[in-house]
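Working notes for the structure below.
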Amino acid sequence: MDSVIRLSRVGKTFGDRAIVRDVSFDVPPGRIFGLLGPSGAGKTTVVKMIAGIESPTSGVVELLGERMPKLSLQTRIGYMAQSDALYSDLTGGENLDFFASLYGLRGAAKKRRSDAVLELVGLSADRGKRVSRYSGGMKRRLSLAVALLHEPAVLLLDEPTVGIDPLLRREIWAELERIRADGTSILVTTHVMDEAEHCDTLALMRDGALIAVGTPAELKASSGASTIEEAFLAYGRAVV
Ligand SMILES: Nc1ncnc2c1ncn2[C@@H]1O[C@H](COP(=O)(O)OP(=O)(O)OP(=O)(O)O)[C@@H](O)[C@H]1O
């Protein structure tokens, strides 16, 4: 398969407001694709359409060669939403048990995966603690663990490292790079410019439209910028 995620001329309107306009891109297997843009640019809406939570008003969203939304593809996706969808009365470990049962993970496989993802996000020692007693950063880390639990073919991460300290952020990126090496495709939204450098391809989004798509090096070269932040500002100026 040449592309795991494909958007073809996708638009989304809420009422009479066009939130996403004519967005097209492809994410091949084993790539990290970063969606970058200011608050309100429409990034979350794009991610929700890929996850099958929202339907496009126009155009086509395909995931693993099938048109979204499609219920049977849900278990192939690991989706980390911007707001944590966790059960606060349950412990971290119990939350993982719950999501494992949704994904059909049982027995030794469940234990192996739960242990691995808790270790990765640095929550092994807190697995018995109720989520209502977790900090904001711990909840983000548990949400990431849930998204990774069933080793999905596609990871959709909406601002995964908000509230996570720089050291753990670096570890999480190292893990995302390992996951990519196994052939998983990862779409990540971020405001953090140094995270953008980890992406194979970046799409700069503004007012619902893509204003530039390329590798970090291409975007810097084509705008004459030395950082992604400068490149983004240069492209932003070019369209106003
Ligand atoms: N269900 C909805 N109904 C109406 N408007 C919506 C809905 N969902 C999103 N919007 C609007 O769409 C715009 C884009 O929102 P979206 O969350 O996609 O942006 P974003 O780029 O992810 O921003 P942020 O980085 O702040 O999360 C916003 O103006 C938002 O108010």
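Letters A, B, ... go to the chains of the structure tokens in the order shown; residues in each chain start at 1; ligands are counted from 1 in the same order.
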query: What lies within 6 Å of segment 60-77 of chain A using only C-alpha atoms, ignoring chain neighbours under 6 positions off, as JSON, numbers by chain?
result: {"A": [4, 5, 6, 7, 8, 10, 52, 152, 153, 154, 155]}
task: Write out as a PyMOL selection string each polymer residue whose atoms come within 9 Å of Pro160 of chain A, counting only C-alpha atoms; drop sequence neighbours fewer than 2 positions from it.
output: chain A and resi 80-82+140-141+143-144+157-158+162-164+188-190
Give me, as a PDB file with N, CA and C atoms, in the first residue's frame, the set of residues whose atoms come within 9 Å of any atom of ligand 1, counting only C-alpha atoms and all ligand atoms.
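Output saved as pocket-v6.pdb:
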ATOM      1  N   THR A  13     -17.465  21.982   6.905  1.00  0.00           N
ATOM      2  CA  THR A  13     -18.118  23.210   7.359  1.00  0.00           C
ATOM      3  C   THR A  13     -18.970  22.894   8.576  1.00  0.00           C
ATOM      4  N   PHE A  14     -18.976  23.826   9.507  1.00  0.00           N
ATOM      5  CA  PHE A  14     -19.903  23.773  10.639  1.00  0.00           C
ATOM      6  C   PHE A  14     -20.828  24.956  10.445  1.00  0.00           C
ATOM      7  N   GLY A  15     -22.127  24.696  10.241  1.00  0.00           N
ATOM      8  CA  GLY A  15     -23.041  25.795   9.916  1.00  0.00           C
ATOM      9  C   GLY A  15     -22.592  26.414   8.608  1.00  0.00           C
ATOM     10  N   ARG A  17     -19.677  28.065   8.449  1.00  0.00           N
ATOM     11  CA  ARG A  17     -18.231  28.335   8.574  1.00  0.00           C
ATOM     12  C   ARG A  17     -17.407  27.210   7.988  1.00  0.00           C
ATOM     13  N   ALA A  18     -16.548  27.562   7.035  1.00  0.00           N
ATOM     14  CA  ALA A  18     -15.619  26.561   6.480  1.00  0.00           C
ATOM     15  C   ALA A  18     -14.429  26.445   7.426  1.00  0.00           C
ATOM     16  N   ILE A  19     -14.327  25.303   8.085  1.00  0.00           N
ATOM     17  CA  ILE A  19     -13.272  25.080   9.091  1.00  0.00           C
ATOM     18  C   ILE A  19     -12.062  24.404   8.444  1.00  0.00           C
ATOM     19  N   VAL A  20     -12.328  23.531   7.470  1.00  0.00           N
ATOM     20  CA  VAL A  20     -11.256  22.871   6.713  1.00  0.00           C
ATOM     21  C   VAL A  20     -11.579  23.079   5.238  1.00  0.00           C
ATOM     22  N   LEU A  35       1.306  17.941  11.590  1.00  0.00           N
ATOM     23  CA  LEU A  35       0.372  18.993  11.198  1.00  0.00           C
ATOM     24  C   LEU A  35       0.602  20.153  12.158  1.00  0.00           C
ATOM     25  N   LEU A  36       1.013  21.262  11.593  1.00  0.00           N
ATOM     26  CA  LEU A  36       1.457  22.390  12.402  1.00  0.00           C
ATOM     27  C   LEU A  36       0.580  23.593  12.082  1.00  0.00           C
ATOM     28  N   GLY A  37       0.170  24.322  13.095  1.00  0.00           N
ATOM     29  CA  GLY A  37      -0.610  25.525  12.799  1.00  0.00           C
ATOM     30  C   GLY A  37      -1.120  26.154  14.064  1.00  0.00           C
ATOM     31  N   PRO A  38      -1.515  27.408  13.974  1.00  0.00           N
ATOM     32  CA  PRO A  38      -1.983  28.092  15.179  1.00  0.00           C
ATOM     33  C   PRO A  38      -3.300  27.527  15.684  1.00  0.00           C
ATOM     34  N   SER A  39      -3.638  27.870  16.902  1.00  0.00           N
ATOM     35  CA  SER A  39      -4.891  27.448  17.507  1.00  0.00           C
ATOM     36  C   SER A  39      -6.061  27.873  16.610  1.00  0.00           C
ATOM     37  N   GLY A  40      -6.961  26.934  16.368  1.00  0.00           N
ATOM     38  CA  GLY A  40      -8.137  27.251  15.554  1.00  0.00           C
ATOM     39  C   GLY A  40      -7.925  27.040  14.061  1.00  0.00           C
ATOM     40  N   ALA A  41      -6.731  26.587  13.659  1.00  0.00           N
ATOM     41  CA  ALA A  41      -6.440  26.403  12.223  1.00  0.00           C
ATOM     42  C   ALA A  41      -7.244  25.259  11.612  1.00  0.00           C
ATOM     43  N   GLY A  42      -7.715  24.334  12.450  1.00  0.00           N
ATOM     44  CA  GLY A  42      -8.503  23.207  11.942  1.00  0.00           C
ATOM     45  C   GLY A  42      -7.807  21.861  12.079  1.00  0.00           C
ATOM     46  N   LYS A  43      -6.707  21.805  12.818  1.00  0.00           N
ATOM     47  CA  LYS A  43      -5.915  20.570  12.927  1.00  0.00           C
ATOM     48  C   LYS A  43      -6.713  19.437  13.576  1.00  0.00           C
ATOM     49  N   THR A  44      -7.363  19.752  14.704  1.00  0.00           N
ATOM     50  CA  THR A  44      -8.128  18.717  15.411  1.00  0.00           C
ATOM     51  C   THR A  44      -9.259  18.196  14.533  1.00  0.00           C
ATOM     52  N   THR A  45      -9.877  19.086  13.781  1.00  0.00           N
ATOM     53  CA  THR A  45     -10.975  18.668  12.896  1.00  0.00           C
ATOM     54  C   THR A  45     -10.457  17.705  11.828  1.00  0.00           C
ATOM     55  N   VAL A  46      -9.270  17.958  11.296  1.00  0.00           N
ATOM     56  CA  VAL A  46      -8.665  17.036  10.320  1.00  0.00           C
ATOM     57  C   VAL A  46      -8.414  15.672  10.976  1.00  0.00           C
ATOM     58  N   VAL A  47      -7.841  15.694  12.191  1.00  0.00           N
ATOM     59  CA  VAL A  47      -7.541  14.435  12.880  1.00  0.00           C
ATOM     60  C   VAL A  47      -8.836  13.657  13.141  1.00  0.00           C
ATOM     61  N   LYS A  48      -9.887  14.361  13.562  1.00  0.00           N
ATOM     62  CA  LYS A  48     -11.156  13.670  13.843  1.00  0.00           C
ATOM     63  C   LYS A  48     -11.754  13.048  12.585  1.00  0.00           C
ATOM     64  N   GLU A  54     -15.587  12.553  12.857  1.00  0.00           N
ATOM     65  CA  GLU A  54     -16.327  13.540  12.068  1.00  0.00           C
ATOM     66  C   GLU A  54     -16.320  13.068  10.614  1.00  0.00           C
ATOM     67  N   GLN A  82      -7.166  15.448  22.169  1.00  0.00           N
ATOM     68  CA  GLN A  82      -6.590  16.572  22.920  1.00  0.00           C
ATOM     69  C   GLN A  82      -7.035  16.560  24.372  1.00  0.00           C
ATOM     70  N   ASP A 158      -3.033  13.950  18.887  1.00  0.00           N
ATOM     71  CA  ASP A 158      -3.381  15.381  18.866  1.00  0.00           C
ATOM     72  C   ASP A 158      -2.691  16.066  20.045  1.00  0.00           C
ATOM     73  N   GLU A 159      -1.625  16.763  19.752  1.00  0.00           N
ATOM     74  CA  GLU A 159      -0.801  17.441  20.765  1.00  0.00           C
ATOM     75  C   GLU A 159      -0.417  16.493  21.917  1.00  0.00           C
ATOM     76  N   THR A 189      -0.193  16.304  15.693  1.00  0.00           N
ATOM     77  CA  THR A 189      -0.339  17.760  15.629  1.00  0.00           C
ATOM     78  C   THR A 189       0.515  18.347  16.743  1.00  0.00           C
ATOM     79  N   THR A 190       1.086  19.485  16.481  1.00  0.00           N
ATOM     80  CA  THR A 190       1.927  20.098  17.509  1.00  0.00           C
ATOM     81  C   THR A 190       2.025  21.605  17.327  1.00  0.00           C
ATOM     82  N   HIS A 191       2.287  22.259  18.438  1.00  0.00           N
ATOM     83  CA  HIS A 191       2.653  23.673  18.409  1.00  0.00           C
ATOM     84  C   HIS A 191       4.150  23.817  18.668  1.00  0.00           C
ATOM     85  N   MET A 205      -0.580  24.524   8.435  1.00  0.00           N
ATOM     86  CA  MET A 205      -2.015  24.774   8.253  1.00  0.00           C
ATOM     87  C   MET A 205      -2.388  26.128   8.816  1.00  0.00           C
ATOM     88  N   ARG A 206      -3.245  26.810   8.100  1.00  0.00           N
ATOM     89  CA  ARG A 206      -3.688  28.119   8.549  1.00  0.00           C
ATOM     90  C   ARG A 206      -5.089  28.379   8.009  1.00  0.00           C
ATOM     91  N   ASP A 207      -5.979  28.841   8.854  1.00  0.00           N
ATOM     92  CA  ASP A 207      -7.360  29.154   8.447  1.00  0.00           C
ATOM     93  C   ASP A 207      -7.995  28.019   7.649  1.00  0.00           C
ATOM     94  N   GLY A 208      -7.755  26.776   8.074  1.00  0.00           N
ATOM     95  CA  GLY A 208      -8.432  25.639   7.454  1.00  0.00           C
ATOM     96  C   GLY A 208      -7.760  25.090   6.213  1.00  0.00           C
TER      97      GLY A 208
END
message: I'd like the neighbourhood of Arg237 of chain A as a list in words, where a residue qualifies if any of its atoms comes within 12 Å (using only C-alpha atoms), though same-chain residues fewer than 3 positions away should be ignored.
response: Arg206, Ile211, Ser223, Glu230, Ala231, Phe232, Leu233, Ala234 and Val240 of chain A
- request: Please return as a PyMOL selection string: the residues of segment 64-228 of chain A that backbone DSSP assigns to helix (DSSP H, G or I).
  value: chain A and resi 71-76+92-102+107-120+124-126+131-133+136-148+166-181+193-196+216-223+228
Would you save the residues of that selection, restricted to C-alpha atoms, as a PDB file, in the first residue's frame?
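The new file selection_36.pdb reads:
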ATOM      1  CA  LEU A  71     -16.308   1.265  12.168  1.00  0.00           C
ATOM      2  CA  SER A  72     -14.267  -1.870  11.437  1.00  0.00           C
ATOM      3  CA  LEU A  73     -11.098   0.225  11.141  1.00  0.00           C
ATOM      4  CA  GLN A  74     -11.368   1.636  14.661  1.00  0.00           C
ATOM      5  CA  THR A  75      -9.225  -1.109  16.182  1.00  0.00           C
ATOM      6  CA  ARG A  76      -6.418  -0.396  13.667  1.00  0.00           C
ATOM      7  CA  GLY A  92      -4.140   3.776  35.611  1.00  0.00           C
ATOM      8  CA  GLY A  93      -3.824  -0.007  35.387  1.00  0.00           C
ATOM      9  CA  GLU A  94      -7.614  -0.471  35.422  1.00  0.00           C
ATOM     10  CA  ASN A  95      -7.973   2.078  32.624  1.00  0.00           C
ATOM     11  CA  LEU A  96      -5.543   0.044  30.531  1.00  0.00           C
ATOM     12  CA  ASP A  97      -7.473  -3.155  31.370  1.00  0.00           C
ATOM     13  CA  PHE A  98     -10.672  -1.516  30.170  1.00  0.00           C
ATOM     14  CA  PHE A  99      -9.202  -0.353  26.851  1.00  0.00           C
ATOM     15  CA  ALA A 100      -7.410  -3.698  26.404  1.00  0.00           C
ATOM     16  CA  SER A 101     -10.780  -5.468  26.588  1.00  0.00           C
ATOM     17  CA  LEU A 102     -12.186  -3.089  23.940  1.00  0.00           C
ATOM     18  CA  GLY A 107      -4.145 -12.792  29.219  1.00  0.00           C
ATOM     19  CA  ALA A 108      -0.397 -12.722  28.671  1.00  0.00           C
ATOM     20  CA  ALA A 109      -0.622 -10.374  25.672  1.00  0.00           C
ATOM     21  CA  LYS A 110      -2.603  -7.861  27.743  1.00  0.00           C
ATOM     22  CA  LYS A 111      -0.080  -8.000  30.566  1.00  0.00           C
ATOM     23  CA  ARG A 112       2.894  -7.724  28.230  1.00  0.00           C
ATOM     24  CA  ARG A 113       1.473  -4.704  26.401  1.00  0.00           C
ATOM     25  CA  SER A 114       0.221  -2.948  29.572  1.00  0.00           C
ATOM     26  CA  ASP A 115       3.618  -3.347  31.237  1.00  0.00           C
ATOM     27  CA  ALA A 116       5.421  -2.114  28.115  1.00  0.00           C
ATOM     28  CA  VAL A 117       3.320   1.018  27.576  1.00  0.00           C
ATOM     29  CA  LEU A 118       3.345   1.975  31.270  1.00  0.00           C
ATOM     30  CA  GLU A 119       7.121   1.641  31.289  1.00  0.00           C
ATOM     31  CA  LEU A 120       7.396   3.747  28.164  1.00  0.00           C
ATOM     32  CA  SER A 124       4.825   1.873  36.083  1.00  0.00           C
ATOM     33  CA  ALA A 125       5.039   2.982  39.718  1.00  0.00           C
ATOM     34  CA  ASP A 126       1.664   4.793  39.490  1.00  0.00           C
ATOM     35  CA  VAL A 131      -6.505   8.731  37.775  1.00  0.00           C
ATOM     36  CA  SER A 132      -8.376  11.431  39.757  1.00  0.00           C
ATOM     37  CA  ARG A 133      -5.103  11.781  41.690  1.00  0.00           C
ATOM     38  CA  GLY A 136      -2.306  16.775  34.015  1.00  0.00           C
ATOM     39  CA  GLY A 137       0.987  15.487  32.570  1.00  0.00           C
ATOM     40  CA  MET A 138       0.395  12.009  34.020  1.00  0.00           C
ATOM     41  CA  LYS A 139      -3.041  11.909  32.380  1.00  0.00           C
ATOM     42  CA  ARG A 140      -1.488  12.855  29.021  1.00  0.00           C
ATOM     43  CA  ARG A 141       1.048  10.069  29.456  1.00  0.00           C
ATOM     44  CA  LEU A 142      -1.658   7.537  30.313  1.00  0.00           C
ATOM     45  CA  SER A 143      -3.653   8.629  27.240  1.00  0.00           C
ATOM     46  CA  LEU A 144      -0.578   8.002  25.108  1.00  0.00           C
ATOM     47  CA  ALA A 145      -0.187   4.568  26.723  1.00  0.00           C
ATOM     48  CA  VAL A 146      -3.820   3.772  25.810  1.00  0.00           C
ATOM     49  CA  ALA A 147      -3.247   4.849  22.189  1.00  0.00           C
ATOM     50  CA  LEU A 148      -0.192   2.561  21.919  1.00  0.00           C
ATOM     51  CA  PRO A 166      11.368  17.932  28.138  1.00  0.00           C
ATOM     52  CA  LEU A 167      13.166  14.764  29.252  1.00  0.00           C
ATOM     53  CA  LEU A 168      10.109  12.532  28.939  1.00  0.00           C
ATOM     54  CA  ARG A 169       9.166  14.332  25.725  1.00  0.00           C
ATOM     55  CA  ARG A 170      12.506  13.292  24.261  1.00  0.00           C
ATOM     56  CA  GLU A 171      11.940   9.688  25.348  1.00  0.00           C
ATOM     57  CA  ILE A 172       8.482   9.683  23.826  1.00  0.00           C
ATOM     58  CA  TRP A 173       9.841  10.961  20.514  1.00  0.00           C
ATOM     59  CA  ALA A 174      12.548   8.278  20.581  1.00  0.00           C
ATOM     60  CA  GLU A 175       9.780   5.695  21.033  1.00  0.00           C
ATOM     61  CA  LEU A 176       7.697   7.199  18.204  1.00  0.00           C
ATOM     62  CA  GLU A 177      10.761   6.864  15.974  1.00  0.00           C
ATOM     63  CA  ARG A 178      11.093   3.195  16.966  1.00  0.00           C
ATOM     64  CA  ILE A 179       7.390   2.642  16.251  1.00  0.00           C
ATOM     65  CA  ARG A 180       7.818   4.289  12.847  1.00  0.00           C
ATOM     66  CA  ALA A 181      10.719   1.924  12.093  1.00  0.00           C
ATOM     67  CA  MET A 193       8.551  23.758  16.793  1.00  0.00           C
ATOM     68  CA  ASP A 194      11.464  21.561  17.861  1.00  0.00           C
ATOM     69  CA  GLU A 195       9.111  18.563  17.702  1.00  0.00           C
ATOM     70  CA  ALA A 196       8.390  19.452  14.099  1.00  0.00           C
ATOM     71  CA  PRO A 216      11.498  20.187   7.440  1.00  0.00           C
ATOM     72  CA  ALA A 217      14.608  20.819   5.301  1.00  0.00           C
ATOM     73  CA  GLU A 218      12.534  21.620   2.187  1.00  0.00           C
ATOM     74  CA  LEU A 219      10.287  24.042   4.049  1.00  0.00           C
ATOM     75  CA  LYS A 220      13.265  25.851   5.516  1.00  0.00           C
ATOM     76  CA  ALA A 221      15.106  25.975   2.184  1.00  0.00           C
ATOM     77  CA  SER A 222      12.118  27.147   0.156  1.00  0.00           C
ATOM     78  CA  SER A 223      11.347  29.984   2.566  1.00  0.00           C
ATOM     79  CA  ILE A 228      10.747  25.764  11.194  1.00  0.00           C
TER      80      ILE A 228
END
- request: Could you please determine the separation between atom CA of Asp200 of chain A and atom CA of Phe33 of chain A in Å, to one decimal place?
  value: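 Distance reported for this atom pair: 6.1 Å.
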